[in-house]
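Engineer: Got a structure here, written out as structure tokens. Questions coming.
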Amino acid sequence: MPTPRALTPARRLPLIAAVLAVVLAIGGSAYALGTGEAKTTATPSAAAAGAKGVERKVKIGVFRGTSPWEVDQFGDWLGRDVHYAVDYSTRTTWKEIADPEWMLSTWEGSPYRMVYGVAMLPIGKGDKSTIAKGAKGKYNKHYRELAKNLVKHGQGDAILRLGWEFNHPSYRWHPTSQKQFVTYWRKIVKTMRSVPGASGLQFDWNVNNGNQSKPNFDPTKYYPGNKWVDYIGVDIYDISWPHYPYPKNCGKACRLKQQKKAWKLVTGQQYGLNFWADFARRKGRPMALPEWGVWKRKDGHGGADNPYYVTQMHKFINNPKNKVAYHAYFEFSAPSGDHRLSAMKNSGKRFKKLFG
């Protein structure tokens, strides 16, 4: 496999700045007793995200599988340095969660800051692990091992999307007890940060955008507190049941009308993108968009090739009011549908023009 191109000065500086931000965050934050909420209004990364002017370039990442070469190719196509690489380990067993050797060794020495989806429970059939047991510290040893392995492979500054999209009922770590989930999250973070060399790890409290199928589920109740969270992340895709599939014989004007309605829904609905931007502002934490993309779904409920969605995302990401610290495009074809800009030429062209 070809190796990614070496870090240019432009690529080194963001990494140095990230390390300095971590040092400042560790040394400069004073925390309120009892609540775990920071007294400071924003972390250094949040302040950096609020740079003046809407034309600023928010740090960009991408998911292309476990392949530094493919991430590098994405940067070549975009004509811009990619700062973050998103990945996920297998998670059938605790062993796979704690020691994803192949994944960590593949990314070792790459020029990218890693953003990892980290499971809170194994998903293997018959596994008896529970959030309740985790809240009692039963699984601390596994996360201690994971932290050691991250440090071993030079990734002690990784961003961890711990229990990502926990508000979606399909995940094993979808909580039923607020107290148990928050306690478990805090134990994991405390355990991992205590490992020598791992104090630079950052944690992304990462929801799935929009209303969930489980009624009366309020994800904000499961926020662990600012002491235990570095980013408030939202995964958001161009998906809508009311407005997609497109009507029969829907031309360009018709498609744009449906796309605008879908964007209004994903941003304005309960627990939509605007809600989470406001939530992050109130918490004084920077936003992150660890997964986003257009979506050509097999069931037709995605907007497919939709440059309008790309434009609106660009506006949201680069609006200083939203304090987006980083975002990552999901450049991948999944079983449920295709997100690849390379497969949707109009979206790809618009993305390259706006984000390149």
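Residue names in the structure tokens use chain letters A, B, ... in the order shown, residue numbers from 1 in each chain, and ligand numbers from 1 in the order shown.
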List the neighbours of Arg161 in chain A out to 8 Å using only C-alpha atoms; skip same-chain residues closer than 3 positions along the sequence, and give me the result as a tab-separated table (two decimals) with C-alpha atoms, in the first residue's frame.
Structural biologist:
```tsv
chain	number	residue	atom	x	y	z
A	115	VAL	CA	-11.22	10.22	15.23
A	116	TYR	CA	-12.32	6.79	16.43
A	117	GLY	CA	-15.77	5.41	17.06
A	118	VAL	CA	-15.39	3.53	20.37
A	164	TRP	CA	-21.44	7.29	19.19
A	203	PHE	CA	-13.96	12.78	23.93
A	204	ASP	CA	-16.77	13.57	21.53
A	205	TRP	CA	-20.30	13.18	22.96
A	206	ASN	CA	-21.83	12.23	19.64
```
Engineer: I'd like the contact shell of Val195 in chain A - 12 Å cut-off, only C-alpha atoms, skipping same-chain residues fewer than 2 positions apart - returned as a list in words.
Structural biologist: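 In the requested form, the answer reads Asn140, Lys141, Tyr143, Arg144, Glu145, Leu146, Ala147, Lys148, Asn149, Leu150, Val151, Lys152, Gly156, Ile188, Val189, Lys190, Thr191, Met192, Arg193, Gly197, Ala198, Ser199, Gly200 and Leu201 of chain A.
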Engineer: Within 8 Å of range 180-186 of chain A, which residues of range 73-160 of chain A show up? Give each one with its shortest atom-to-atom distance in Å (one decimal) and the two atoms involved, counting only C-alpha atoms, rows by chain then rising residue number, as a Markdown table.
Structural biologist:
```
| residue | atom | partner | partner_atom | distance |
| --- | --- | --- | --- | --- |
| A:Ile131 | CA | A:Phe181 | CA | 6.4 |
| A:Ala132 | CA | A:Gln180 | CA | 5.7 |
| A:Gly134 | CA | A:Tyr184 | CA | 5.4 |
| A:Ala135 | CA | A:Tyr184 | CA | 4.0 |
| A:Lys136 | CA | A:Tyr184 | CA | 7.4 |
| A:Gly137 | CA | A:Tyr184 | CA | 7.4 |
```
Engineer: Convert the current residue selection to file output with C-alpha atoms, as a PDB file, in the first residue's frame.
Structural biologist:
```
ATOM      1  CA  ILE A 131     -24.241  -0.423  30.975  1.00  0.00           C
ATOM      2  CA  ALA A 132     -25.217  -1.162  34.576  1.00  0.00           C
ATOM      3  CA  GLY A 134     -20.001  -0.683  33.331  1.00  0.00           C
ATOM      4  CA  ALA A 135     -21.261   1.932  35.769  1.00  0.00           C
ATOM      5  CA  LYS A 136     -19.827  -0.241  38.549  1.00  0.00           C
ATOM      6  CA  GLY A 137     -16.398  -0.197  36.914  1.00  0.00           C
TER       7      GLY A 137
END
```
Engineer: Quick one: everything within 10 Å of Asn322 in chain A, counting only C-alpha atoms, minus sequence neighbours fewer than 3 positions away in the same chain. Send it as a list in words.
Structural biologist: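 Surrounding residues, per the criterion: Ala46, Ala49, Gly50, Asn274, Trp276, Ala277, Asp278, Ala280, Arg281, Pro286, Met287, Ala288, Phe316, Ile317, Asn318, Asn319 and Ala325 of chain A.
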Engineer: Could you turn the residues from that selection into a file that holds N, CA, C and O atoms, as a PDB file, in the first residue's frame?
Structural biologist:
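Output (part20.pdb):
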```
ATOM      1  N   ALA A  46     -12.760  25.589  21.265  1.00  0.00           N
ATOM      2  CA  ALA A  46     -13.958  26.350  20.929  1.00  0.00           C
ATOM      3  C   ALA A  46     -13.587  27.770  20.523  1.00  0.00           C
ATOM      4  O   ALA A  46     -14.150  28.330  19.589  1.00  0.00           O
ATOM      5  N   ALA A  49     -12.323  27.727  17.157  1.00  0.00           N
ATOM      6  CA  ALA A  49     -13.384  27.518  16.176  1.00  0.00           C
ATOM      7  C   ALA A  49     -14.146  28.795  15.896  1.00  0.00           C
ATOM      8  O   ALA A  49     -14.808  28.920  14.881  1.00  0.00           O
ATOM      9  N   GLY A  50     -14.060  29.769  16.797  1.00  0.00           N
ATOM     10  CA  GLY A  50     -14.792  31.007  16.621  1.00  0.00           C
ATOM     11  C   GLY A  50     -13.975  32.074  15.935  1.00  0.00           C
ATOM     12  O   GLY A  50     -14.156  33.259  16.202  1.00  0.00           O
ATOM     13  N   ASN A 274     -30.051  22.670  14.338  1.00  0.00           N
ATOM     14  CA  ASN A 274     -30.100  23.970  15.025  1.00  0.00           C
ATOM     15  C   ASN A 274     -30.225  23.799  16.539  1.00  0.00           C
ATOM     16  O   ASN A 274     -29.639  24.565  17.313  1.00  0.00           O
ATOM     17  N   TRP A 276     -28.980  21.348  18.300  1.00  0.00           N
ATOM     18  CA  TRP A 276     -27.691  20.925  18.848  1.00  0.00           C
ATOM     19  C   TRP A 276     -26.662  22.060  18.824  1.00  0.00           C
ATOM     20  O   TRP A 276     -25.806  22.137  19.709  1.00  0.00           O
ATOM     21  N   ALA A 277     -26.753  22.931  17.840  1.00  0.00           N
ATOM     22  CA  ALA A 277     -25.857  24.094  17.827  1.00  0.00           C
ATOM     23  C   ALA A 277     -26.127  24.974  19.041  1.00  0.00           C
ATOM     24  O   ALA A 277     -25.196  25.468  19.695  1.00  0.00           O
ATOM     25  N   ASP A 278     -27.403  25.160  19.349  1.00  0.00           N
ATOM     26  CA  ASP A 278     -27.765  25.951  20.522  1.00  0.00           C
ATOM     27  C   ASP A 278     -27.350  25.243  21.818  1.00  0.00           C
ATOM     28  O   ASP A 278     -26.861  25.889  22.750  1.00  0.00           O
ATOM     29  N   ALA A 280     -24.835  23.186  22.226  1.00  0.00           N
ATOM     30  CA  ALA A 280     -23.386  23.310  22.366  1.00  0.00           C
ATOM     31  C   ALA A 280     -22.991  24.708  22.838  1.00  0.00           C
ATOM     32  O   ALA A 280     -22.087  24.859  23.668  1.00  0.00           O
ATOM     33  N   ARG A 281     -23.667  25.719  22.333  1.00  0.00           N
ATOM     34  CA  ARG A 281     -23.378  27.087  22.782  1.00  0.00           C
ATOM     35  C   ARG A 281     -23.676  27.242  24.269  1.00  0.00           C
ATOM     36  O   ARG A 281     -22.902  27.863  25.007  1.00  0.00           O
ATOM     37  N   PRO A 286     -17.345  23.277  21.805  1.00  0.00           N
ATOM     38  CA  PRO A 286     -17.376  23.361  20.350  1.00  0.00           C
ATOM     39  C   PRO A 286     -18.180  22.218  19.749  1.00  0.00           C
ATOM     40  O   PRO A 286     -18.258  21.136  20.318  1.00  0.00           O
ATOM     41  N   MET A 287     -18.769  22.482  18.601  1.00  0.00           N
ATOM     42  CA  MET A 287     -19.465  21.433  17.857  1.00  0.00           C
ATOM     43  C   MET A 287     -18.484  20.629  17.020  1.00  0.00           C
ATOM     44  O   MET A 287     -17.394  21.097  16.658  1.00  0.00           O
ATOM     45  N   ALA A 288     -18.893  19.418  16.692  1.00  0.00           N
ATOM     46  CA  ALA A 288     -18.189  18.596  15.716  1.00  0.00           C
ATOM     47  C   ALA A 288     -19.245  17.912  14.861  1.00  0.00           C
ATOM     48  O   ALA A 288     -20.365  17.660  15.309  1.00  0.00           O
ATOM     49  N   PHE A 316     -23.421  26.272   7.238  1.00  0.00           N
ATOM     50  CA  PHE A 316     -23.520  25.981   8.667  1.00  0.00           C
ATOM     51  C   PHE A 316     -22.140  25.789   9.284  1.00  0.00           C
ATOM     52  O   PHE A 316     -21.836  26.343  10.344  1.00  0.00           O
ATOM     53  N   ILE A 317     -21.295  25.015   8.642  1.00  0.00           N
ATOM     54  CA  ILE A 317     -19.974  24.692   9.171  1.00  0.00           C
ATOM     55  C   ILE A 317     -19.105  25.930   9.308  1.00  0.00           C
ATOM     56  O   ILE A 317     -18.381  26.090  10.296  1.00  0.00           O
ATOM     57  N   ASN A 318     -19.197  26.827   8.354  1.00  0.00           N
ATOM     58  CA  ASN A 318     -18.317  27.990   8.350  1.00  0.00           C
ATOM     59  C   ASN A 318     -18.934  29.234   8.978  1.00  0.00           C
ATOM     60  O   ASN A 318     -18.349  30.320   8.906  1.00  0.00           O
ATOM     61  N   ASN A 319     -20.085  29.070   9.607  1.00  0.00           N
ATOM     62  CA  ASN A 319     -20.675  30.169  10.356  1.00  0.00           C
ATOM     63  C   ASN A 319     -20.048  30.193  11.749  1.00  0.00           C
ATOM     64  O   ASN A 319     -20.237  29.264  12.533  1.00  0.00           O
ATOM     65  N   ALA A 325     -15.677  22.859  15.314  1.00  0.00           N
ATOM     66  CA  ALA A 325     -14.233  22.672  15.444  1.00  0.00           C
ATOM     67  C   ALA A 325     -13.680  21.782  14.338  1.00  0.00           C
ATOM     68  O   ALA A 325     -12.561  21.993  13.860  1.00  0.00           O
TER      69      ALA A 325
END
```
Engineer: What's the 10 Å shell around Thr130 in chain A, counting only C-alpha atoms, without same-chain residues fewer than 3 positions away, as a ChimeraX atom specification?
Structural biologist: /A:120-122,127,133-135,138-139,172-173,175,180
Engineer: Per residue of range 275-324 of chain A within 9 Å of range 232-255 of chain A, note the shortest atom pair and the distance in Å to one decimal, counting only C-alpha atoms, and order the rows by chain and increasing residue number, as a Markdown table.
Structural biologist:
```
| residue | atom | partner | partner_atom | distance |
| --- | --- | --- | --- | --- |
| A:Trp276 | CA | A:Val234 | CA | 7.5 |
| A:Ala277 | CA | A:Ile232 | CA | 8.8 |
| A:Phe279 | CA | A:Ile232 | CA | 8.6 |
| A:Ala280 | CA | A:Ile232 | CA | 6.2 |
| A:Arg285 | CA | A:Ile232 | CA | 6.5 |
| A:Pro286 | CA | A:Ile232 | CA | 6.4 |
| A:Met287 | CA | A:Ile232 | CA | 5.0 |
| A:Ala288 | CA | A:Gly233 | CA | 4.4 |
| A:Leu289 | CA | A:Val234 | CA | 5.1 |
| A:Pro290 | CA | A:Asp235 | CA | 6.1 |
| A:Glu291 | CA | A:Asp235 | CA | 4.8 |
| A:Trp292 | CA | A:Ile236 | CA | 4.9 |
| A:Gly293 | CA | A:Tyr237 | CA | 5.1 |
| A:Val294 | CA | A:Asp238 | CA | 5.1 |
| A:Trp295 | CA | A:Asp238 | CA | 5.9 |
| A:Lys296 | CA | A:Asp238 | CA | 8.9 |
| A:Arg297 | CA | A:Ile239 | CA | 8.6 |
| A:Asp299 | CA | A:Pro245 | CA | 7.9 |
| A:Gly300 | CA | A:Pro245 | CA | 4.7 |
| A:His301 | CA | A:Tyr244 | CA | 4.6 |
| A:Gly302 | CA | A:Ile239 | CA | 4.4 |
| A:Gly303 | CA | A:Asp238 | CA | 5.9 |
| A:Ala304 | CA | A:Asp238 | CA | 8.0 |
| A:Asn306 | CA | A:Asp238 | CA | 8.3 |
| A:Tyr309 | CA | A:Asp238 | CA | 6.9 |
```
Engineer: Would you mind exporting the chosen residues as a compact mmCIF listing (two decimals), in the first residue's frame, restricted to N, CA, C and O atoms?
Structural biologist:
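Writing the result to out_34.txt gives the following:
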```
# COMPACT_ATOMS: atom_id res chain seq x y z
N TRP A 276 -28.98 21.35 18.30
CA TRP A 276 -27.69 20.93 18.85
C TRP A 276 -26.66 22.06 18.82
O TRP A 276 -25.81 22.14 19.71
N ALA A 277 -26.75 22.93 17.84
CA ALA A 277 -25.86 24.09 17.83
C ALA A 277 -26.13 24.97 19.04
O ALA A 277 -25.20 25.47 19.69
N PHE A 279 -27.53 23.93 21.86
CA PHE A 279 -27.13 23.16 23.04
C PHE A 279 -25.63 23.29 23.29
O PHE A 279 -25.19 23.49 24.43
N ALA A 280 -24.83 23.19 22.23
CA ALA A 280 -23.39 23.31 22.37
C ALA A 280 -22.99 24.71 22.84
O ALA A 280 -22.09 24.86 23.67
N ARG A 285 -19.23 24.35 24.67
CA ARG A 285 -18.38 23.35 24.03
C ARG A 285 -18.45 23.51 22.51
O ARG A 285 -19.51 23.85 21.96
N PRO A 286 -17.34 23.28 21.81
CA PRO A 286 -17.38 23.36 20.35
C PRO A 286 -18.18 22.22 19.75
O PRO A 286 -18.26 21.14 20.32
N MET A 287 -18.77 22.48 18.60
CA MET A 287 -19.47 21.43 17.86
C MET A 287 -18.48 20.63 17.02
O MET A 287 -17.39 21.10 16.66
N ALA A 288 -18.89 19.42 16.69
CA ALA A 288 -18.19 18.60 15.72
C ALA A 288 -19.24 17.91 14.86
O ALA A 288 -20.36 17.66 15.31
N LEU A 289 -18.89 17.63 13.62
CA LEU A 289 -19.75 16.88 12.72
C LEU A 289 -18.93 15.69 12.21
O LEU A 289 -18.39 15.71 11.10
N PRO A 290 -18.81 14.64 13.03
CA PRO A 290 -17.91 13.53 12.71
C PRO A 290 -18.34 12.70 11.51
O PRO A 290 -17.53 11.99 10.93
N GLU A 291 -19.64 12.75 11.18
CA GLU A 291 -20.16 12.08 9.98
C GLU A 291 -21.21 12.99 9.35
O GLU A 291 -22.14 13.41 10.01
N TRP A 292 -21.04 13.27 8.07
CA TRP A 292 -22.12 13.91 7.33
C TRP A 292 -21.99 13.57 5.87
O TRP A 292 -20.90 13.20 5.40
N GLY A 293 -23.11 13.67 5.15
CA GLY A 293 -23.01 13.36 3.74
C GLY A 293 -24.34 13.36 3.02
O GLY A 293 -25.41 13.32 3.63
N VAL A 294 -24.26 13.43 1.70
CA VAL A 294 -25.42 13.16 0.86
C VAL A 294 -25.68 11.66 0.92
O VAL A 294 -24.83 10.89 1.38
N TRP A 295 -26.85 11.24 0.44
CA TRP A 295 -27.18 9.82 0.64
C TRP A 295 -28.11 9.34 -0.47
O TRP A 295 -29.27 9.76 -0.56
N LYS A 296 -27.60 8.43 -1.27
CA LYS A 296 -28.42 7.74 -2.28
C LYS A 296 -28.84 6.41 -1.66
O LYS A 296 -28.13 5.42 -1.74
N ARG A 297 -30.02 6.42 -1.04
CA ARG A 297 -30.50 5.25 -0.32
C ARG A 297 -31.23 4.29 -1.24
O ARG A 297 -31.91 4.69 -2.19
N ASP A 299 -33.83 2.66 -0.39
CA ASP A 299 -35.27 2.82 -0.20
C ASP A 299 -35.78 4.17 -0.71
O ASP A 299 -36.98 4.46 -0.61
N GLY A 300 -34.87 5.00 -1.25
CA GLY A 300 -35.27 6.27 -1.84
C GLY A 300 -35.44 7.42 -0.87
O GLY A 300 -35.75 8.55 -1.29
N HIS A 301 -35.22 7.21 0.42
CA HIS A 301 -35.46 8.26 1.41
C HIS A 301 -34.27 9.20 1.60
O HIS A 301 -34.25 9.95 2.58
N GLY A 302 -33.32 9.16 0.71
CA GLY A 302 -32.23 10.11 0.71
C GLY A 302 -32.30 11.01 -0.50
O GLY A 302 -32.93 10.66 -1.52
N GLY A 303 -31.67 12.18 -0.44
CA GLY A 303 -31.73 13.14 -1.54
C GLY A 303 -30.82 12.82 -2.70
O GLY A 303 -30.84 13.54 -3.71
N ALA A 304 -29.98 11.78 -2.57
CA ALA A 304 -29.06 11.35 -3.63
C ALA A 304 -28.12 12.51 -4.00
O ALA A 304 -27.58 13.17 -3.11
N ASN A 306 -27.16 15.78 -4.36
CA ASN A 306 -27.83 16.98 -3.86
C ASN A 306 -26.83 18.07 -3.52
O ASN A 306 -26.42 18.23 -2.36
N TYR A 309 -27.71 20.49 -0.56
CA TYR A 309 -27.37 20.05 0.79
C TYR A 309 -25.92 20.37 1.12
O TYR A 309 -25.61 20.84 2.22
```
Engineer: Between CA of Asn211 in chain A and CA of Pro224 in chain A, what distance in Å does the model show, to one decimal?
Structural biologist: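 One can read the CA of Asn211 in chain A to CA of Pro224 in chain A distance as 20.3 Å.
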Engineer: Based on the backbone DSSP call, show me all residues of range 222-325 of chain A assigned strand (DSSP E or B), as number ranges by chain.
Structural biologist: A: 231-237, 239, 287-293, 296-297, 302, 324-325
Engineer: Run DSSP on the backbone and grab whatever in range 108-287 of chain A lands in alpha helix (DSSP H); send it over as number ranges by chain.
Structural biologist: A: 131-135, 140-152, 178-193, 252-268, 273-283
Engineer: Deliver the residues from the most recent selection as a file, using C-alpha atoms, as an mmCIF file, in the first residue's frame.
Structural biologist:
```cif
data_model
loop_
_atom_site.group_PDB
_atom_site.id
_atom_site.type_symbol
_atom_site.label_atom_id
_atom_site.label_comp_id
_atom_site.auth_asym_id
_atom_site.auth_seq_id
_atom_site.Cartn_x
_atom_site.Cartn_y
_atom_site.Cartn_z
ATOM 1 C CA ILE A 131 -24.241 -0.423 30.975
ATOM 2 C CA ALA A 132 -25.217 -1.162 34.576
ATOM 3 C CA LYS A 133 -22.109 -3.309 35.047
ATOM 4 C CA GLY A 134 -20.001 -0.683 33.331
ATOM 5 C CA ALA A 135 -21.261 1.932 35.769
ATOM 6 C CA ASN A 140 -12.467 -0.196 33.223
ATOM 7 C CA LYS A 141 -9.647 -2.617 32.469
ATOM 8 C CA HIS A 142 -10.639 -2.795 28.806
ATOM 9 C CA TYR A 143 -10.543 0.973 28.349
ATOM 10 C CA ARG A 144 -7.274 1.204 30.240
ATOM 11 C CA GLU A 145 -5.855 -1.282 27.751
ATOM 12 C CA LEU A 146 -7.269 0.696 24.836
ATOM 13 C CA ALA A 147 -5.637 3.884 26.108
ATOM 14 C CA LYS A 148 -2.303 2.090 26.481
ATOM 15 C CA ASN A 149 -2.572 0.799 22.917
ATOM 16 C CA LEU A 150 -3.403 4.234 21.561
ATOM 17 C CA VAL A 151 -0.310 5.656 23.265
ATOM 18 C CA LYS A 152 1.788 2.726 22.066
ATOM 19 C CA GLN A 178 -29.577 8.249 32.891
ATOM 20 C CA LYS A 179 -27.559 7.674 36.057
ATOM 21 C CA GLN A 180 -25.951 4.461 34.825
ATOM 22 C CA PHE A 181 -25.031 5.864 31.406
ATOM 23 C CA VAL A 182 -23.499 9.064 32.790
ATOM 24 C CA THR A 183 -21.609 7.171 35.499
ATOM 25 C CA TYR A 184 -20.275 4.668 32.971
ATOM 26 C CA TRP A 185 -19.179 7.424 30.563
ATOM 27 C CA ARG A 186 -17.320 9.254 33.331
ATOM 28 C CA LYS A 187 -15.572 6.075 34.491
ATOM 29 C CA ILE A 188 -14.350 5.371 30.971
ATOM 30 C CA VAL A 189 -13.033 8.905 30.462
ATOM 31 C CA LYS A 190 -11.355 9.027 33.869
ATOM 32 C CA THR A 191 -9.778 5.614 33.331
ATOM 33 C CA MET A 192 -8.399 6.411 29.891
ATOM 34 C CA ARG A 193 -7.068 9.848 30.801
ATOM 35 C CA LYS A 252 -34.833 20.051 -11.463
ATOM 36 C CA ALA A 253 -37.128 22.663 -9.901
ATOM 37 C CA CYS A 254 -39.208 19.982 -8.217
ATOM 38 C CA ARG A 255 -36.122 18.282 -6.795
ATOM 39 C CA LEU A 256 -34.780 21.553 -5.405
ATOM 40 C CA LYS A 257 -38.135 22.224 -3.729
ATOM 41 C CA GLN A 258 -38.029 18.826 -2.012
ATOM 42 C CA GLN A 259 -34.376 19.306 -1.026
ATOM 43 C CA LYS A 260 -35.158 22.641 0.627
ATOM 44 C CA LYS A 261 -38.004 21.071 2.594
ATOM 45 C CA ALA A 262 -35.734 18.219 3.698
ATOM 46 C CA TRP A 263 -33.027 20.658 4.851
ATOM 47 C CA LYS A 264 -35.593 22.636 6.836
ATOM 48 C CA LEU A 265 -36.635 19.402 8.532
ATOM 49 C CA VAL A 266 -33.154 18.128 9.472
ATOM 50 C CA THR A 267 -32.172 21.509 10.867
ATOM 51 C CA GLY A 268 -35.419 22.667 12.441
ATOM 52 C CA LEU A 273 -29.033 20.521 13.801
ATOM 53 C CA ASN A 274 -30.100 23.970 15.025
ATOM 54 C CA PHE A 275 -31.113 22.517 18.384
ATOM 55 C CA TRP A 276 -27.691 20.925 18.848
ATOM 56 C CA ALA A 277 -25.857 24.094 17.827
ATOM 57 C CA ASP A 278 -27.765 25.951 20.522
ATOM 58 C CA PHE A 279 -27.134 23.157 23.035
ATOM 59 C CA ALA A 280 -23.386 23.310 22.366
ATOM 60 C CA ARG A 281 -23.378 27.087 22.782
ATOM 61 C CA ARG A 282 -25.165 26.804 26.118
ATOM 62 C CA LYS A 283 -22.668 24.200 27.311
#
```
Engineer: Between CA of His83 in chain A and CA of Lys345 in chain A, what distance in Å does the model show, to one decimal?
Structural biologist: 23.8 Å
Engineer: Rounded to one decimal in Å, what is the spacing between CA of Pro307 in chain A and CA of Phe351 in chain A?
Structural biologist: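 Calculated distance between CA of Pro307 in chain A and CA of Phe351 in chain A is 7.6 Å.
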Engineer: If you count only C-alpha atoms, which residues fall within 10 Å of Asp218 in chain A, apart from same-chain ones fewer than 5 positions away, as a PDB file with C-alpha atoms, in the first residue's frame?
Structural biologist:
```
ATOM      1  CA  ASN A 167     -29.578   8.051  21.082  1.00  0.00           C
ATOM      2  CA  ASN A 211     -35.966  12.581  16.472  1.00  0.00           C
ATOM      3  CA  GLN A 212     -35.462   8.925  17.318  1.00  0.00           C
ATOM      4  CA  GLN A 270     -36.833  18.549  17.543  1.00  0.00           C
ATOM      5  CA  TYR A 271     -33.202  17.570  18.216  1.00  0.00           C
TER       6      TYR A 271
END
```
Engineer: Choose the residue, out of A:Pro68, A:Gly109, A:Gly284, A:Gly356, that has the smallest atom-to-atom separation from Gln155 in chain A; count only C-alpha atoms.
Structural biologist: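 Among the listed residues, the smallest separation from Gln155 in chain A belongs to A:Gly109.
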Engineer: For a quick check of understanding, using only C-alpha atoms, which of A:Ala158, A:Gly272, A:Tyr112, A:Thr92 has the smallest distance to Ser129 in chain A?
Structural biologist: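 Checking each of A:Ala158, A:Gly272, A:Tyr112, A:Thr92 against Ser129 in chain A, counting only C-alpha atoms, the winner is A:Thr92.
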Engineer: Under the rule that only C-alpha atoms are counted, which of A:His327, A:Lys59, A:Lys95, A:Lys315 is the nearest residue to Asp81 in chain A?
Structural biologist: A:Lys59
